[in-house]
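K.L.:
Let me begin by handing over the structure; questions about it come next.
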Amino acid sequence: MKNHYRTLRIFLTFIIFLIAGNARAQSVTIGTISGSQFCAGDTISVNFIATGSWRAGNVFILQLSDPTGSFSNGLQNVGSLVVTVPGTFTIDTTIPWNVGSSTHYRFRILAAVPYITSADNGSDIAIWTGPYTFSFRNEQQGEATGTPITLTAESIDYNDT
């Protein structure tokens, strides 16, 4: 009977080590961001490395922090990639137009299955908003076709929140 309990304890210990090992088997590491200043609407490529096993339905999501660099409140999902194998990947995305100007943005990668987040990219990224819409008026009413016209800007609406 003693041997059965000993065998059972060894077996349970082995199972616990397998479960604990699998829980730590996955990792996601975001790469260095190429550049440190961008404008809303710019295209950006973000590299990351995923190691370990990823289950069916896994999605890697590129997240942009709030303007203070925090992921606690106000982050945005800005790109994604459906992958279930380990490797080095790139997410190409466009920086959203609705971000405010700040010099403290950060990026990170979130994995869905299992749920894991990478550390952020490690340094602040500046994102600047630019002209959002323009309104023009024609200064030369009634001119003939082929005659150059002069446009004057009436308003420029900046999306700077």
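Every chain in the structure tokens takes a letter, A first, then B, and so on in the order presented; its residues are numbered from 1, and the ligands are numbered from 1 following the presented order.
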Determine which residues of range 23-114 of chain A receive a DSSP assignment of strand (DSSP E), computed from the backbone, and state them as an MDAnalysis selection string.
P.N.:
chainID A and resid 27:30 37:39 43:51 59:64 76:82 87:94 102:105 107:111
K.L.:
How about saving the chosen residues, N, CA and C atoms kept, as a compact mmCIF listing (two decimals), in the first residue's frame?
P.N.:
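Okay, this is what ended up in result12.txt:
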# COMPACT_ATOMS: atom_id res chain seq x y z
N SER A 27 5.37 32.90 -24.41
CA SER A 27 5.81 34.26 -24.13
C SER A 27 5.67 35.10 -25.38
N VAL A 28 5.49 36.38 -25.17
CA VAL A 28 5.39 37.34 -26.28
C VAL A 28 6.33 38.49 -25.95
N THR A 29 7.19 38.83 -26.90
CA THR A 29 8.14 39.92 -26.72
C THR A 29 8.02 40.87 -27.89
N ILE A 30 7.71 42.12 -27.60
CA ILE A 30 7.60 43.13 -28.66
C ILE A 30 8.99 43.60 -29.05
N GLN A 37 8.75 59.12 -33.63
CA GLN A 37 7.76 60.16 -33.84
C GLN A 37 6.93 59.82 -35.07
N PHE A 38 5.61 59.89 -34.87
CA PHE A 38 4.68 59.56 -35.93
C PHE A 38 3.53 60.55 -35.92
N CYS A 39 2.79 60.58 -37.01
CA CYS A 39 1.56 61.38 -37.08
C CYS A 39 0.37 60.43 -37.13
N THR A 43 1.46 54.87 -41.29
CA THR A 43 1.56 53.42 -41.26
C THR A 43 2.77 53.05 -40.41
N ILE A 44 2.61 52.01 -39.60
CA ILE A 44 3.71 51.57 -38.74
C ILE A 44 3.76 50.05 -38.77
N SER A 45 4.96 49.50 -38.73
CA SER A 45 5.16 48.04 -38.66
C SER A 45 5.77 47.73 -37.30
N VAL A 46 5.16 46.77 -36.60
CA VAL A 46 5.64 46.39 -35.28
C VAL A 46 5.96 44.90 -35.29
N ASN A 47 7.21 44.56 -34.97
CA ASN A 47 7.65 43.17 -34.92
C ASN A 47 7.51 42.63 -33.50
N PHE A 48 7.23 41.33 -33.40
CA PHE A 48 7.21 40.68 -32.09
C PHE A 48 7.58 39.22 -32.26
N ILE A 49 7.99 38.62 -31.14
CA ILE A 49 8.36 37.21 -31.12
C ILE A 49 7.41 36.48 -30.18
N ALA A 50 6.85 35.38 -30.66
CA ALA A 50 5.97 34.54 -29.85
C ALA A 50 6.63 33.18 -29.72
N THR A 51 6.78 32.70 -28.49
CA THR A 51 7.36 31.38 -28.25
C THR A 51 6.34 30.50 -27.55
N VAL A 59 -5.26 35.00 -31.22
CA VAL A 59 -5.05 36.23 -31.97
C VAL A 59 -4.03 37.07 -31.21
N PHE A 60 -3.04 37.59 -31.92
CA PHE A 60 -2.12 38.55 -31.32
C PHE A 60 -2.64 39.94 -31.68
N ILE A 61 -2.79 40.79 -30.68
CA ILE A 61 -3.38 42.11 -30.88
C ILE A 61 -2.35 43.17 -30.50
N LEU A 62 -2.10 44.10 -31.42
CA LEU A 62 -1.23 45.24 -31.14
C LEU A 62 -2.06 46.30 -30.45
N GLN A 63 -1.61 46.72 -29.27
CA GLN A 63 -2.34 47.73 -28.51
C GLN A 63 -1.51 49.00 -28.38
N LEU A 64 -2.21 50.13 -28.48
CA LEU A 64 -1.62 51.46 -28.30
C LEU A 64 -2.11 51.99 -26.96
N GLN A 76 -6.08 51.41 -27.09
CA GLN A 76 -6.77 51.08 -28.33
C GLN A 76 -6.13 49.86 -28.97
N ASN A 77 -6.95 48.94 -29.47
CA ASN A 77 -6.46 47.84 -30.29
C ASN A 77 -6.30 48.38 -31.69
N VAL A 78 -5.07 48.33 -32.23
CA VAL A 78 -4.82 48.98 -33.52
C VAL A 78 -4.43 48.02 -34.64
N GLY A 79 -4.27 46.75 -34.33
CA GLY A 79 -3.94 45.77 -35.36
C GLY A 79 -3.96 44.39 -34.77
N SER A 80 -4.09 43.37 -35.62
CA SER A 80 -4.13 42.01 -35.11
C SER A 80 -3.61 41.03 -36.15
N LEU A 81 -3.30 39.83 -35.66
CA LEU A 81 -2.79 38.77 -36.51
C LEU A 81 -3.23 37.44 -35.90
N VAL A 82 -3.87 36.58 -36.68
CA VAL A 82 -4.32 35.27 -36.20
C VAL A 82 -3.20 34.27 -36.47
N GLY A 87 7.01 32.05 -33.53
CA GLY A 87 7.84 32.65 -34.56
C GLY A 87 7.98 34.14 -34.38
N THR A 88 8.55 34.77 -35.39
CA THR A 88 8.70 36.22 -35.42
C THR A 88 7.70 36.75 -36.43
N PHE A 89 6.92 37.75 -36.01
CA PHE A 89 5.83 38.25 -36.82
C PHE A 89 5.86 39.76 -36.88
N THR A 90 5.14 40.31 -37.85
CA THR A 90 5.01 41.75 -38.00
C THR A 90 3.54 42.09 -38.16
N ILE A 91 3.10 43.09 -37.43
CA ILE A 91 1.75 43.63 -37.62
C ILE A 91 1.92 45.00 -38.25
N ASP A 92 1.37 45.16 -39.45
CA ASP A 92 1.36 46.45 -40.14
C ASP A 92 0.02 47.09 -39.86
N THR A 93 0.04 48.33 -39.43
CA THR A 93 -1.20 49.01 -39.09
C THR A 93 -1.08 50.51 -39.35
N THR A 94 -2.19 51.19 -39.22
CA THR A 94 -2.22 52.64 -39.35
C THR A 94 -2.54 53.23 -37.98
N SER A 102 0.69 63.44 -28.12
CA SER A 102 1.39 63.14 -26.88
C SER A 102 2.77 62.58 -27.22
N THR A 103 3.70 62.76 -26.31
CA THR A 103 5.04 62.20 -26.49
C THR A 103 5.25 60.97 -25.62
N HIS A 104 4.17 60.39 -25.07
CA HIS A 104 4.30 59.28 -24.12
C HIS A 104 3.54 58.02 -24.50
N TYR A 105 3.22 57.81 -25.77
CA TYR A 105 2.53 56.60 -26.17
C TYR A 105 3.46 55.40 -26.07
N PHE A 107 3.46 50.88 -27.10
CA PHE A 107 2.82 49.74 -27.75
C PHE A 107 3.08 48.48 -26.93
N ARG A 108 2.17 47.51 -27.03
CA ARG A 108 2.39 46.18 -26.48
C ARG A 108 1.59 45.18 -27.32
N ILE A 109 1.89 43.90 -27.13
CA ILE A 109 1.19 42.82 -27.82
C ILE A 109 0.40 42.02 -26.79
N LEU A 110 -0.85 41.72 -27.11
CA LEU A 110 -1.69 40.87 -26.28
C LEU A 110 -1.96 39.60 -27.06
N ALA A 111 -1.80 38.46 -26.40
CA ALA A 111 -2.17 37.17 -26.99
C ALA A 111 -3.48 36.74 -26.34
K.L.:
Show which residues sit within 7 Å of Thr84 in chain A, as a list of chain:residue names. Count only C-alpha atoms, and ignore same-chain residues fewer than 4 positions away.
P.N.:
A:Trp54, A:Arg55, A:Ala56, A:Asn58
K.L.:
In terms of the shortest atom-to-atom distance over only C-alpha atoms, which of A:Gly74, A:Gly52, A:Ala40, A:Gly31 is closest to Pro114 in chain A?
P.N.:
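The shortest atom-to-atom distance to Pro114 in chain A comes from A:Gly52.
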K.L.:
So the first atom is CA of Gly69 in chain A and the second is CA of Gly57 in chain A; what is the distance between them in Å, to one decimal place?
P.N.:
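Pair CA of Gly69 in chain A / CA of Gly57 in chain A returns 28.6 Å.
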K.L.:
For CA of Val85 in chain A and CA of Ser70 in chain A, determine how far apart the two atoms are, in Å to one decimal place.
P.N.:
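It comes out at 29.0 Å.
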K.L.:
So, with only C-alpha atoms as the atoms that count, which of A:Ile33, A:Ala25, A:Arg106, A:Asn98 lies closest to Phe71 in chain A?
P.N.:
A:Arg106
K.L.:
Record the distance separating CA of Ser34 in chain A and CA of Ile116 in chain A, expressed in Å with one decimal.
P.N.:
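A separation of 23.6 Å between them.
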